>>> print(open('target13.txt').read())   # compact mmCIF, C-alpha atoms (C1' of nucleotides)
# COMPACT_ATOMS: atom_id res chain seq x y z
CA MET A 53 4.62 -16.17 0.82
CA SER A 54 6.10 -19.05 -1.10
CA THR A 55 4.58 -19.92 -4.42
CA GLU A 56 5.83 -23.47 -4.38
CA PRO A 57 3.25 -26.17 -3.86
CA PRO A 58 3.06 -27.26 -0.23
CA LEU A 59 6.11 -29.44 0.04
CA PHE A 60 5.00 -31.69 2.82
CA ASP A 61 1.37 -32.13 2.06
CA LEU A 62 1.33 -35.50 0.35
CA ARG A 63 -2.39 -35.35 -0.16
CA SER A 64 -2.07 -32.63 -2.77
CA ARG A 65 -1.10 -33.83 -6.21
CA PRO A 66 1.96 -32.23 -7.73
CA GLU A 67 1.63 -29.41 -10.20
CA ARG A 68 0.89 -30.36 -13.73
CA ARG A 69 3.77 -30.14 -16.19
CA ASP A 70 2.38 -27.23 -18.17
CA ALA A 71 1.59 -25.39 -14.97
CA ALA A 72 5.15 -25.79 -13.71
CA ARG A 73 6.54 -24.73 -17.05
CA ASN A 74 4.36 -21.65 -17.11
CA ARG A 75 5.42 -20.71 -13.58
CA GLU A 76 9.04 -20.71 -14.70
CA LEU A 77 8.21 -18.85 -17.88
CA LEU A 78 6.39 -16.21 -15.89
CA LEU A 79 9.06 -15.82 -13.25
CA ASP A 80 11.72 -15.47 -15.90
CA ALA A 81 9.66 -12.95 -17.80
CA ALA A 82 8.95 -10.93 -14.67
CA HIS A 83 12.58 -10.97 -13.66
CA ARG A 84 13.56 -9.77 -17.10
CA LEU A 85 11.07 -6.93 -16.94
CA VAL A 86 12.28 -5.85 -13.51
CA ASP A 87 15.87 -5.78 -14.66
CA ARG A 88 15.10 -3.95 -17.86
CA ASP A 89 12.45 -1.42 -16.88
CA GLY A 90 12.08 -1.51 -13.11
CA VAL A 91 9.41 -2.86 -10.82
CA ASP A 92 6.73 -0.40 -11.89
CA ALA A 93 6.89 -1.70 -15.44
CA VAL A 94 5.87 -5.16 -14.29
CA THR A 95 2.19 -5.03 -15.06
CA MET A 96 0.28 -8.27 -15.19
CA ASP A 97 -0.46 -7.80 -18.87
CA ALA A 98 3.18 -7.08 -19.63
CA VAL A 99 4.47 -10.14 -17.84
CA ALA A 100 1.84 -12.32 -19.47
CA ALA A 101 2.80 -11.02 -22.89
CA GLU A 102 6.51 -11.34 -22.19
CA ALA A 103 6.01 -14.93 -21.09
CA GLY A 104 3.72 -15.68 -24.00
CA VAL A 105 0.80 -16.87 -21.89
CA GLY A 106 -2.65 -15.55 -21.12
CA LYS A 107 -3.26 -13.06 -18.38
CA GLY A 108 -5.53 -15.43 -16.50
CA THR A 109 -2.61 -17.81 -16.15
CA VAL A 110 -0.58 -15.22 -14.28
CA PHE A 111 -3.34 -14.82 -11.73
CA ARG A 112 -3.92 -18.55 -11.53
CA ARG A 113 -0.27 -19.12 -10.68
CA PHE A 114 0.40 -16.19 -8.39
CA GLY A 115 -2.95 -15.00 -7.20
CA SER A 116 -2.21 -11.33 -7.44
CA ARG A 117 0.44 -8.85 -8.40
CA ALA A 118 1.65 -8.84 -4.80
CA GLY A 119 1.91 -12.62 -4.98
CA LEU A 120 4.01 -12.47 -8.11
CA MET A 121 6.25 -9.87 -6.52
CA SER A 122 6.60 -12.01 -3.43
CA ALA A 123 7.70 -14.88 -5.60
CA LEU A 124 10.32 -12.68 -7.23
CA LEU A 125 11.45 -11.45 -3.84
CA ASP A 126 11.70 -14.98 -2.52
CA HIS A 127 14.76 -15.83 -4.55
CA GLY A 128 16.79 -13.08 -2.97
CA GLU A 129 15.26 -13.55 0.44
CA ALA A 130 16.08 -17.23 0.50
CA ARG A 131 19.70 -16.62 -0.38
CA TRP A 132 19.90 -13.94 2.27
CA GLN A 133 18.28 -16.19 4.84
CA GLY A 134 20.88 -18.78 4.00
CA ARG A 135 23.62 -16.37 4.91
CA VAL A 136 21.90 -15.58 8.21
CA ILE A 137 21.44 -19.21 9.11
CA SER A 138 24.69 -20.69 7.94
CA GLY A 139 26.87 -17.97 6.49
CA PRO A 140 30.06 -16.54 7.95
CA PRO A 141 29.90 -14.63 11.25
CA PRO A 142 29.05 -12.18 12.55
CA LEU A 143 25.85 -12.43 10.51
CA GLY A 144 25.94 -16.19 10.54
CA PRO A 145 26.48 -18.44 13.57
CA GLY A 146 29.74 -18.35 15.47
CA ALA A 147 29.76 -14.80 16.78
CA PRO A 148 28.37 -13.54 20.10
CA ALA A 149 24.65 -13.03 20.01
CA LEU A 150 24.82 -9.23 20.28
CA ASP A 151 27.27 -9.03 17.40
CA ARG A 152 25.01 -11.24 15.36
CA LEU A 153 22.00 -9.09 16.17
CA LEU A 154 23.76 -5.89 15.18
CA ALA A 155 25.09 -7.49 12.01
CA PHE A 156 21.58 -8.68 11.30
CA GLY A 157 20.28 -5.13 11.49
CA GLU A 158 22.91 -3.78 9.15
CA SER A 159 22.44 -6.58 6.67
CA ARG A 160 18.68 -6.30 6.77
CA LEU A 161 18.83 -2.57 6.19
CA GLU A 162 21.07 -3.24 3.23
CA ARG A 163 18.57 -5.63 1.77
CA THR A 164 15.78 -3.16 2.30
CA LEU A 165 17.76 -0.60 0.34
CA VAL A 166 18.53 -2.99 -2.48
CA SER A 167 15.11 -4.61 -2.84
CA GLY A 168 12.91 -1.94 -1.34
CA ASP A 169 10.83 -1.42 -4.43
CA LEU A 170 10.12 -5.12 -4.73
CA MET A 171 9.17 -5.25 -1.06
CA VAL A 172 6.76 -2.39 -1.54
CA ALA A 173 5.24 -4.10 -4.53
CA ALA A 174 5.00 -7.39 -2.65
CA ALA A 175 3.16 -5.83 0.28
CA GLY A 176 -0.60 -6.09 0.42
CA ARG A 177 -2.97 -3.37 1.59
CA HIS A 178 -1.52 -3.10 5.05
CA GLY A 179 2.22 -3.71 5.17
CA ARG A 180 3.91 -7.03 4.67
CA SER A 181 1.86 -9.86 6.07
CA LEU A 182 3.18 -11.72 9.08
CA PRO A 183 4.27 -14.85 7.19
CA ALA A 184 6.53 -12.62 5.14
CA VAL A 185 8.39 -11.54 8.26
CA ALA A 186 8.12 -14.78 10.18
CA PHE A 187 11.72 -15.66 9.56
CA LEU A 188 12.92 -12.27 10.70
CA VAL A 189 10.86 -12.41 13.86
CA ALA A 190 12.00 -15.93 14.64
CA HIS A 191 15.65 -15.04 14.21
CA VAL A 192 15.56 -11.85 16.28
CA ARG A 193 13.52 -13.59 18.91
CA HIS A 194 16.10 -16.34 19.11
CA LEU A 195 18.97 -13.90 19.50
CA LEU A 196 17.10 -11.92 22.14
CA ALA A 197 16.53 -15.10 24.11
CA GLU A 198 20.22 -15.91 23.93
CA LEU A 199 20.91 -12.44 25.30
CA ASP A 200 18.62 -13.12 28.26
CA VAL A 201 16.20 -10.44 27.23
CA THR A 202 12.90 -11.01 29.00
CA GLY A 203 9.39 -10.12 28.00
CA ASP A 204 7.04 -10.88 25.16
CA LEU A 205 9.75 -11.80 22.71
CA PRO A 206 7.68 -12.30 19.55
CA VAL A 207 6.07 -8.91 19.84
CA LEU A 208 9.29 -7.28 21.00
CA ALA A 209 11.16 -8.76 18.07
CA LEU A 210 8.63 -7.39 15.63
CA SER A 211 8.84 -4.02 17.35
CA LEU A 212 12.57 -3.96 16.76
CA LEU A 213 12.12 -4.98 13.14
CA ALA A 214 9.55 -2.30 12.42
CA PRO A 215 12.01 0.60 12.14
CA LEU A 216 13.95 -1.34 9.50
CA ASP A 217 10.88 -1.97 7.41
CA VAL A 218 10.78 -0.51 3.97
CA ALA A 219 7.71 1.50 4.94
CA PHE A 220 9.80 3.50 7.39
CA VAL A 221 13.21 3.42 5.79
CA LEU A 222 12.31 4.73 2.36
CA PRO A 223 10.39 7.80 3.48
CA GLN A 224 13.25 8.75 5.77
CA LEU A 225 15.78 8.44 2.98
CA GLU A 226 13.60 10.64 0.82
CA ALA A 227 13.51 13.17 3.62
CA GLY A 228 17.28 13.28 3.73
CA VAL A 229 17.97 10.98 6.67
CA THR A 230 21.05 8.97 5.83
CA ARG A 231 21.43 5.24 5.88
CA GLU A 232 24.10 5.71 8.54
CA ARG A 233 21.80 7.59 10.89
CA ILE A 234 19.11 4.97 10.58
CA LEU A 235 21.54 2.17 11.26
CA ALA A 236 23.25 3.97 14.14
CA THR A 237 19.92 4.67 15.79
CA TRP A 238 18.79 1.10 15.38
CA THR A 239 22.03 -0.15 16.90
CA ASP A 240 21.52 2.28 19.76
CA LEU A 241 17.97 1.09 20.26
CA VAL A 242 18.97 -2.55 20.32
CA ARG A 243 21.78 -1.90 22.77
CA ARG A 244 19.40 -0.20 25.16
CA VAL A 245 16.95 -3.06 24.99
CA VAL A 246 19.60 -5.70 25.51
CA GLU A 247 21.36 -3.86 28.31
CA ALA A 248 18.11 -3.44 30.16
CA GLY A 249 17.80 -7.24 30.15
CA MET B 111 -1.31 16.12 4.86
CA SER B 112 -3.73 18.97 5.31
CA THR B 113 -6.02 19.85 2.46
CA GLU B 114 -6.50 23.40 3.60
CA PRO B 115 -4.80 26.06 1.56
CA PRO B 116 -1.47 27.11 3.06
CA LEU B 117 -2.63 29.37 5.83
CA PHE B 118 0.39 31.56 6.11
CA ASP B 119 1.45 31.87 2.53
CA LEU B 120 0.02 35.22 1.59
CA ARG B 121 1.30 34.95 -1.93
CA SER B 122 -1.23 32.27 -2.79
CA ARG B 123 -4.70 33.56 -3.46
CA PRO B 124 -7.43 32.01 -1.39
CA GLU B 125 -9.60 29.25 -2.78
CA ARG B 126 -12.40 30.32 -5.01
CA ARG B 127 -15.88 30.26 -3.51
CA ASP B 128 -17.16 27.38 -5.63
CA ALA B 129 -14.00 25.41 -4.96
CA ALA B 130 -14.42 25.77 -1.22
CA ARG B 131 -18.06 24.79 -1.45
CA ASN B 132 -17.20 21.69 -3.45
CA ARG B 133 -14.53 20.70 -0.95
CA GLU B 134 -17.12 20.75 1.79
CA LEU B 135 -19.64 18.91 -0.33
CA LEU B 136 -17.07 16.24 -1.09
CA LEU B 137 -15.86 15.83 2.47
CA ASP B 138 -19.44 15.53 3.68
CA ALA B 139 -20.26 13.01 0.98
CA ALA B 140 -17.17 10.95 1.72
CA HIS B 141 -17.86 11.02 5.43
CA ARG B 142 -21.42 9.86 4.80
CA LEU B 143 -20.20 6.99 2.63
CA VAL B 144 -17.67 5.89 5.22
CA ASP B 145 -20.30 5.88 7.93
CA ARG B 146 -22.85 4.07 5.83
CA ASP B 147 -20.83 1.52 3.90
CA GLY B 148 -17.27 1.56 5.23
CA VAL B 149 -14.03 2.84 3.85
CA ASP B 150 -13.86 0.39 0.98
CA ALA B 151 -17.10 1.73 -0.45
CA VAL B 152 -15.57 5.17 -0.85
CA THR B 153 -14.63 5.05 -4.50
CA MET B 154 -13.86 8.27 -6.26
CA ASP B 155 -16.84 7.83 -8.56
CA ALA B 156 -19.13 7.14 -5.64
CA VAL B 157 -18.06 10.18 -3.68
CA ALA B 158 -18.34 12.37 -6.77
CA ALA B 159 -21.85 11.11 -7.42
CA GLU B 160 -22.86 11.45 -3.77
CA ALA B 161 -21.60 15.01 -3.74
CA GLY B 162 -23.19 15.78 -7.08
CA VAL B 163 -20.01 16.93 -8.75
CA GLY B 164 -17.80 15.58 -11.51
CA LYS B 165 -15.10 13.06 -10.85
CA GLY B 166 -12.41 15.40 -12.07
CA THR B 167 -13.34 17.78 -9.29
CA VAL B 168 -12.60 15.20 -6.65
CA PHE B 169 -9.09 14.76 -8.00
CA ARG B 170 -8.61 18.48 -8.44
CA ARG B 171 -9.46 19.05 -4.78
CA PHE B 172 -7.71 16.10 -3.18
CA GLY B 173 -5.17 14.88 -5.68
CA SER B 174 -5.76 11.20 -5.12
CA ARG B 175 -7.82 8.77 -3.16
CA ALA B 176 -5.14 8.73 -0.49
CA GLY B 177 -5.36 12.50 -0.34
CA LEU B 178 -9.10 12.39 0.17
CA MET B 179 -8.69 9.79 2.89
CA SER B 180 -6.04 11.90 4.56
CA ALA B 181 -8.45 14.80 4.58
CA LEU B 182 -11.09 12.62 6.21
CA LEU B 183 -8.57 11.40 8.73
CA ASP B 184 -7.46 14.91 9.52
CA HIS B 185 -10.63 15.80 11.36
CA GLY B 186 -10.10 13.05 13.89
CA GLU B 187 -6.37 13.51 14.02
CA ALA B 188 -6.68 17.20 14.77
CA ARG B 189 -9.06 16.57 17.64
CA TRP B 190 -6.75 13.91 18.97
CA GLN B 191 -3.74 16.16 18.64
CA GLY B 192 -5.64 18.76 20.60
CA ARG B 193 -6.00 16.34 23.47
CA VAL B 194 -2.30 15.56 23.36
CA ILE B 195 -1.28 19.20 23.34
CA SER B 196 -3.75 20.69 25.74
CA GLY B 197 -6.00 17.96 27.07
CA PRO B 198 -6.08 16.54 30.60
CA PRO B 199 -3.04 14.64 31.87
CA PRO B 200 -1.48 12.20 31.68
CA LEU B 201 -1.93 12.43 27.92
CA GLY B 202 -1.93 16.19 28.00
CA PRO B 203 0.55 18.43 29.80
CA GLY B 204 0.86 18.37 33.56
CA ALA B 205 2.01 14.81 34.16
CA PRO B 206 5.62 13.58 34.36
CA ALA B 207 7.15 13.04 30.94
CA LEU B 208 7.33 9.26 31.24
CA ASP B 209 3.68 9.06 32.19
CA ARG B 210 2.82 11.26 29.27
CA LEU B 211 4.85 9.10 26.92
CA LEU B 212 3.19 5.89 28.06
CA ALA B 213 -0.24 7.49 27.90
CA PHE B 214 0.63 8.67 24.42
CA GLY B 215 1.37 5.11 23.33
CA GLU B 216 -1.87 3.78 24.70
CA SER B 217 -3.90 6.57 23.20
CA ARG B 218 -2.18 6.27 19.86
CA LEU B 219 -2.78 2.55 19.74
CA GLU B 220 -6.41 3.20 20.48
CA ARG B 221 -6.65 5.60 17.57
CA THR B 222 -4.97 3.11 15.32
CA LEU B 223 -7.59 0.55 16.25
CA VAL B 224 -10.46 2.95 15.72
CA SER B 225 -9.32 4.55 12.48
CA GLY B 226 -7.01 1.88 11.15
CA ASP B 227 -8.90 1.35 7.93
CA LEU B 228 -8.84 5.06 7.15
CA MET B 229 -5.12 5.16 7.91
CA VAL B 230 -4.50 2.29 5.54
CA ALA B 231 -6.53 4.01 2.86
CA ALA B 232 -4.71 7.28 3.46
CA ALA B 233 -1.28 5.70 3.09
CA GLY B 234 0.48 5.97 -0.22
CA ARG B 235 2.55 3.25 -1.86
CA HIS B 236 5.03 3.02 0.95
CA GLY B 237 3.52 3.62 4.36
CA ARG B 238 2.35 6.96 5.66
CA SER B 239 4.52 9.77 4.44
CA LEU B 240 6.62 11.66 6.91
CA PRO B 241 4.45 14.79 7.06
CA ALA B 242 1.63 12.56 8.20
CA VAL B 243 3.62 11.49 11.24
CA ALA B 244 5.46 14.73 11.80
CA PHE B 245 3.35 15.63 14.78
CA LEU B 246 3.85 12.24 16.36
CA VAL B 247 7.60 12.40 15.87
CA ALA B 248 7.80 15.92 17.24
CA HIS B 249 5.84 15.03 20.35
CA VAL B 250 7.74 11.85 21.16
CA ARG B 251 10.99 13.59 20.47
CA HIS B 252 10.05 16.34 22.87
CA LEU B 253 9.15 13.91 25.63
CA LEU B 254 12.35 11.92 25.09
CA ALA B 255 14.38 15.10 25.41
CA GLU B 256 12.61 15.92 28.66
CA LEU B 257 13.54 12.46 29.88
CA ASP B 258 17.20 13.15 29.11
CA VAL B 259 17.33 10.45 26.47
CA THR B 260 20.36 11.02 24.28
CA GLY B 261 20.99 10.13 20.68
CA ASP B 262 19.42 10.87 17.31
CA LEU B 263 16.04 11.79 18.70
CA PRO B 264 14.09 12.30 15.47
CA VAL B 265 15.06 8.89 14.16
CA LEU B 266 14.71 7.29 17.56
CA ALA B 267 11.25 8.75 17.97
CA LEU B 268 10.16 7.36 14.64
CA SER B 269 11.62 4.00 15.58
CA LEU B 270 9.47 3.95 18.69
CA LEU B 271 6.41 4.96 16.71
CA ALA B 272 6.87 2.27 14.08
CA PRO B 273 5.55 -0.63 16.18
CA LEU B 274 2.34 1.31 16.79
CA ASP B 275 1.77 1.93 13.11
CA VAL B 276 -1.28 0.45 11.54
CA ALA B 277 0.93 -1.55 9.19
CA PHE B 278 2.23 -3.54 12.14
CA VAL B 279 -0.70 -3.45 14.52
CA LEU B 280 -3.41 -4.77 12.24
CA PRO B 281 -1.54 -7.86 10.99
CA GLN B 282 -0.72 -8.79 14.57
CA LEU B 283 -4.33 -8.48 15.65
CA GLU B 284 -5.34 -10.68 12.74
CA ALA B 285 -2.75 -13.19 13.89
CA GLY B 286 -4.29 -13.32 17.33
CA VAL B 287 -1.95 -11.01 19.21
CA THR B 288 -4.05 -9.00 21.62
CA ARG B 289 -4.16 -5.26 21.97
CA GLU B 290 -2.91 -5.72 25.53
CA ARG B 291 0.20 -7.61 24.49
CA ILE B 292 1.08 -4.98 21.93
CA LEU B 293 0.64 -2.18 24.41
CA ALA B 294 2.50 -3.97 27.20
CA THR B 295 5.43 -4.67 24.92
CA TRP B 296 5.55 -1.10 23.71
CA THR B 297 5.51 0.15 27.27
CA ASP B 298 8.30 -2.27 28.08
CA LEU B 299 10.31 -1.08 25.09
CA VAL B 300 9.92 2.57 26.00
CA ARG B 301 10.90 1.92 29.62
CA ARG B 302 14.10 0.22 28.49
CA VAL B 303 15.00 3.08 26.21
CA VAL B 304 14.32 5.73 28.82
CA GLU B 305 16.08 3.90 31.63
CA ALA B 306 19.18 3.48 29.48
CA GLY B 307 19.27 7.28 29.21
C1' DA C 78 -4.62 -46.81 -27.45
C1' DC C 79 -8.58 -44.73 -25.42
C1' DC C 80 -11.47 -42.37 -21.94
C1' DT C 81 -12.39 -39.32 -18.31
C1' DC C 82 -12.23 -35.35 -15.82
C1' DA C 83 -9.82 -32.35 -12.82
C1' DA C 84 -6.61 -28.92 -13.76
C1' DA C 85 -5.06 -25.39 -16.46
C1' DC C 86 -5.58 -22.02 -20.07
C1' DG C 87 -6.70 -17.54 -22.41
C1' DG C 88 -8.66 -13.48 -23.22
C1' DA C 89 -13.01 -10.85 -23.04
C1' DC C 90 -14.89 -8.29 -19.50
C1' DC C 91 -15.43 -5.27 -15.33
C1' DG C 92 -14.47 -1.78 -11.62
C1' DT C 93 -11.47 1.62 -10.04
C1' DG C 94 -7.82 5.18 -9.79
C1' DG C 95 -6.07 8.71 -12.44
C1' DT C 96 -5.54 12.00 -16.65
C1' DC C 97 -6.97 15.31 -20.16
C1' DC C 98 -8.97 19.05 -22.28
C1' DG C 99 -12.70 21.94 -24.04
C1' DC C 100 -16.11 24.57 -21.61
C1' DT C 101 -17.84 27.44 -17.64
C1' DT C 102 -17.57 30.42 -13.68
C1' DC C 103 -15.56 33.34 -10.51
C1' DT C 104 -12.96 37.51 -9.23
C1' DA C 105 -9.91 41.36 -9.75
C1' DT C 106 -9.40 45.43 -12.43
C1' DT C 107 -10.86 49.39 -14.79
C1' DA D 173 -20.88 47.34 -15.95
C1' DA D 174 -17.73 45.36 -18.84
C1' DT D 175 -13.80 42.53 -19.50
C1' DA D 176 -10.06 39.41 -19.32
C1' DG D 177 -7.93 35.53 -17.79
C1' DA D 178 -7.01 32.45 -14.18
C1' DA D 179 -9.22 28.88 -11.58
C1' DG D 180 -12.38 25.50 -11.60
C1' DC D 181 -15.41 22.04 -13.69
C1' DG D 182 -17.08 17.59 -15.76
C1' DG D 183 -17.03 13.49 -17.88
C1' DA D 184 -14.95 10.89 -21.71
C1' DC D 185 -10.97 8.36 -21.76
C1' DC D 186 -7.00 5.31 -20.41
C1' DA D 187 -4.26 1.73 -17.85
C1' DC D 188 -4.13 -1.62 -14.65
C1' DG D 189 -5.59 -5.29 -11.32
C1' DG D 190 -8.70 -8.81 -10.96
C1' DT D 191 -12.68 -12.10 -12.34
C1' DC D 192 -15.25 -15.37 -15.27
C1' DC D 193 -16.21 -18.97 -18.10
C1' DG D 194 -16.06 -21.67 -22.33
C1' DT D 195 -12.26 -24.37 -24.28
C1' DT D 196 -8.06 -27.18 -24.14
C1' DT D 197 -4.72 -30.31 -22.14
C1' DG D 198 -2.39 -33.47 -19.51
C1' DA D 199 -2.29 -37.67 -16.26
C1' DG D 200 -4.27 -41.84 -14.28
C1' DG D 201 -7.19 -45.70 -15.05
C1' DT D 202 -8.95 -49.45 -18.25
>>> encode(input="target13.txt", output="structure tokens")
Amino acid sequence: MSTEPPLFDLRSRPERRDAARNRELLLDAAHRLVDRDGVDAVTMDAVAAEAGVGKGTVFRRFGSRAGLMSALLDHGEARWQGRVISGPPPLGPGAPALDRLLAFGESRLERTLVSGDLMVAAAGRHGRSLPAVAFLVAHVRHLLAELDVTGDLPVLALSLLAPLDVAFVLPQLEAGVTRERILATWTDLVRRVVEAG
Amino acid sequence: MSTEPPLFDLRSRPERRDAARNRELLLDAAHRLVDRDGVDAVTMDAVAAEAGVGKGTVFRRFGSRAGLMSALLDHGEARWQGRVISGPPPLGPGAPALDRLLAFGESRLERTLVSGDLMVAAAGRHGRSLPAVAFLVAHVRHLLAELDVTGDLPVLALSLLAPLDVAFVLPQLEAGVTRERILATWTDLVRRVVEAG
DNA sequence: ACCTCAAACGGACCGTGGTCCGCTTCTATT
DNA sequence: AATAGAAGCGGACCACGGTCCGTTTGAGGT
């Protein structure tokens, strides 16, 4: 998911200066295009032109359009993850685990609404790859464990995350289901799971 | 989802003879290509050539590649839906609702495994559109109601279906999670929801 | 300073999904 | 049977994602 060079692999030489510069140029250009014309306007040719580099360079740096989108998404995701890990409760630590879990759902839904189009663009053929949701799974799993929920926690955590995924949220919104209904039902679902131990 | 003309809308004139013939030619051709070379080999040009018609015709009949794939999928889906509606229990009617629900999950997972690549190809930008899962939602909703589960049943039903969606199943399989774990966890999840009323 | 060569670059090129529009064919009407 | 016009057809055309490869550039060694 990350486009940074592997931070802890000392065998790999660091990125060359021009490569690093071009990465920044490209990210800035892409960000600008998203802000100005929306995600759909971010074609690989457009971002290359906007950054003033060749198209091949975009693919060299980000691998694919989905990779570039993931990189864009990462900025926001990292900040959001920061709030989950060390922000104020109930989303951050300090609140009871159930409160944190419910706050997590609401906050995650919010992020899906705000960055849904980027998430769609960052997804490969079949939905978001597992690394992309690893943090989410790990966090939910952790909270479930604190709540003494038993079972196959990794898979259960992902099952609880699925209804909040952009692939399910956006179509429902289009069909007229409100944000509130989705959130209320998710809260309900989580309560049932937790209460059943 | 269906590519048939609207059966009960008498205002719309039926499909012209040549159009109907070409639809069949195209479906046959596409089916042949899937069988012989896999879903990825089914390009719009290839299916047009195989059917001996122009490319424009393929788009006129099916709207998009996803539409064509949906049409291919429909054959299997319809047969499967038949088994759910009127096949032998516990999947079909006659068994207790909870048994039916659990059998539904297992059977659905099976279909996801068998036709996953077609499902992926049939999905638009964001996952499968709601009409494509309308039957699934309706059935699960019905069973939940029979089990006296309260709440926002349409949204709850979709939430239970989400973990069985190809977008979540395939990545897990690739990551080494077994079919059995996925099914067991889904069964567990459903039991918790039902038991909590 | 110079050399070396892996890394990076750029843009021509390709395959594929999707559109467009002038031409053809079917069908309802008389 | 003739006719009109809607429905359908085909394939040239376009945009976009992705690849390839000859050229350039930057960093470590001498």
>>> residues_around(input="target13.txt", residues="DG94 (chain C)", least_positions_apart="2", cutoff="9 Å", atoms="all atoms listed in the file", output="VMD selection string")
chain B and resid 153 to 154 174 to 175
>>> residues_around(input="target13.txt", residues="region 183-192 of chain A", least_positions_apart="4", cutoff="8 Å", atoms="only C-alpha atoms (C1' of nucleotides)", output="PyMOL selection string")
chain A and resi 53+153+196+206+209-210+213
>>> write_last_selection(input="target13.txt", atoms="C-alpha atoms", output="compact mmCIF listing (two decimals), in the frame of the given file")
# COMPACT_ATOMS: atom_id res chain seq x y z
CA MET A 53 4.62 -16.17 0.82
CA LEU A 153 22.00 -9.09 16.17
CA LEU A 196 17.10 -11.92 22.14
CA PRO A 206 7.68 -12.30 19.55
CA ALA A 209 11.16 -8.76 18.07
CA LEU A 210 8.63 -7.39 15.63
CA LEU A 213 12.12 -4.98 13.14
>>> atom_distance(input="target13.txt", atom1="CA of Leu299 (chain B)", atom2="CA of Leu235 (chain A)")
18.1 Å
>>> closest_atom_pairs(input="target13.txt", of="chain A", to="chain B", cutoff="7 Å", atoms="only C-alpha atoms", output="CSV")
residue,atom,partner,partner_atom,distance
A:Val172,CA,B:His236,CA,6.2
A:His178,CA,B:Ala277,CA,5.1
A:Gly179,CA,B:Ala277,CA,4.7
A:Ser181,CA,B:Pro281,CA,6.3
A:Leu182,CA,B:Pro281,CA,6.4
A:Asp204,CA,B:Thr295,CA,6.4
A:Val207,CA,B:Thr295,CA,6.6
A:Leu208,CA,B:Thr295,CA,6.1
A:Ser211,CA,B:Pro273,CA,4.9
A:Ala214,CA,B:Ala272,CA,5.6
A:Pro215,CA,B:Ser269,CA,4.9
A:Ala219,CA,B:Gly237,CA,4.7
A:Phe220,CA,B:Gly237,CA,7.0
A:Pro223,CA,B:Ser239,CA,6.3
A:Ile234,CA,B:Val265,CA,6.7
A:Thr237,CA,B:Leu266,CA,6.1
A:Leu241,CA,B:Val303,CA,6.9
A:Arg244,CA,B:Val303,CA,5.6
A:Val245,CA,B:Arg302,CA,5.6
A:Ala248,CA,B:Arg302,CA,5.7
>>> interface_residues(input="target13.txt", of="chain B", to="chain D", cutoff="9 Å", atoms="all atoms listed in the file", output="count of residues only")
10
>>> interface_residues(input="target13.txt", of="chain C", to="chain B", cutoff="10 Å", atoms="only C-alpha atoms (C1' of nucleotides)", output="list in words")
DG92, DT93, DG94, DG95, DT96, DC97, DT102, DC103 and DT104 of chain C
>>> residues_around(input="target13.txt", residues="Ala139 (chain B)", least_positions_apart="2", cutoff="12 Å", atoms="only C-alpha atoms (C1' of nucleotides)", output="MDAnalysis selection string")
chainID B and resid 132:137 141:147 151:163 168 178 182
>>> atom_distance(input="target13.txt", atom1="CA of Ala130 (chain B)", atom2="CA of Arg171 (chain B)")
9.1 Å
>>> atom_distance(input="target13.txt", atom1="CA of Thr239 (chain A)", atom2="CA of Leu154 (chain A)")
6.2 Å
>>> axis_aligned_box(input="target13.txt", around="region 92-111 of chain A", padding_each_side="5 Å", output="JSON")
{"center_x": 0.7, "center_y": -9.1, "center_z": -17.9, "size_x": 22.4, "size_y": 27.4, "size_z": 22.3}
>>> residues_near_point(input="target13.txt", point="(-3.4, 16.3, 21.5)", cutoff="10 Å", atoms="only C-alpha atoms (C1' of nucleotides)", output="list of chain:residue names")
B:Glu187, B:Ala188, B:Arg189, B:Trp190, B:Gln191, B:Gly192, B:Arg193, B:Val194, B:Ile195, B:Ser196, B:Gly197, B:Pro198, B:Leu201, B:Gly202, B:Pro203, B:Phe214, B:Ser217, B:Phe245, B:Leu246, B:His249
>>> decode(input="target13.txt", residues="region 81-100 of chain C", atoms="C-alpha atoms (C1' of nucleotides)", output="PDB file, in the first residue's frame")
ATOM      1  C1'  DT C  81      31.179   3.012 -14.500  1.00  0.00           C
ATOM      2  C1'  DC C  82      26.836   1.242 -14.388  1.00  0.00           C
ATOM      3  C1'  DA C  83      22.602   0.603 -12.044  1.00  0.00           C
ATOM      4  C1'  DA C  84      18.740   3.421 -11.760  1.00  0.00           C
ATOM      5  C1'  DA C  85      15.719   6.433 -13.740  1.00  0.00           C
ATOM      6  C1'  DC C  86      13.685   8.753 -17.626  1.00  0.00           C
ATOM      7  C1'  DG C  87      10.479   9.712 -21.582  1.00  0.00           C
ATOM      8  C1'  DG C  88       7.509   8.967 -24.993  1.00  0.00           C
ATOM      9  C1'  DA C  89       6.313   5.912 -28.878  1.00  0.00           C
ATOM     10  C1'  DC C  90       3.602   2.004 -28.959  1.00  0.00           C
ATOM     11  C1'  DC C  91      -0.084  -1.485 -27.920  1.00  0.00           C
ATOM     12  C1'  DG C  92      -4.520  -3.619 -26.320  1.00  0.00           C
ATOM     13  C1'  DT C  93      -8.940  -2.817 -24.608  1.00  0.00           C
ATOM     14  C1'  DG C  94     -13.354  -0.581 -23.335  1.00  0.00           C
ATOM     15  C1'  DG C  95     -16.448   2.531 -25.146  1.00  0.00           C
ATOM     16  C1'  DT C  96     -18.559   5.993 -28.665  1.00  0.00           C
ATOM     17  C1'  DC C  97     -20.300   7.625 -33.092  1.00  0.00           C
ATOM     18  C1'  DC C  98     -22.629   7.836 -37.224  1.00  0.00           C
ATOM     19  C1'  DG C  99     -23.756   6.626 -41.972  1.00  0.00           C
ATOM     20  C1'  DC C 100     -25.800   2.520 -43.824  1.00  0.00           C
TER      21       DC C 100
END
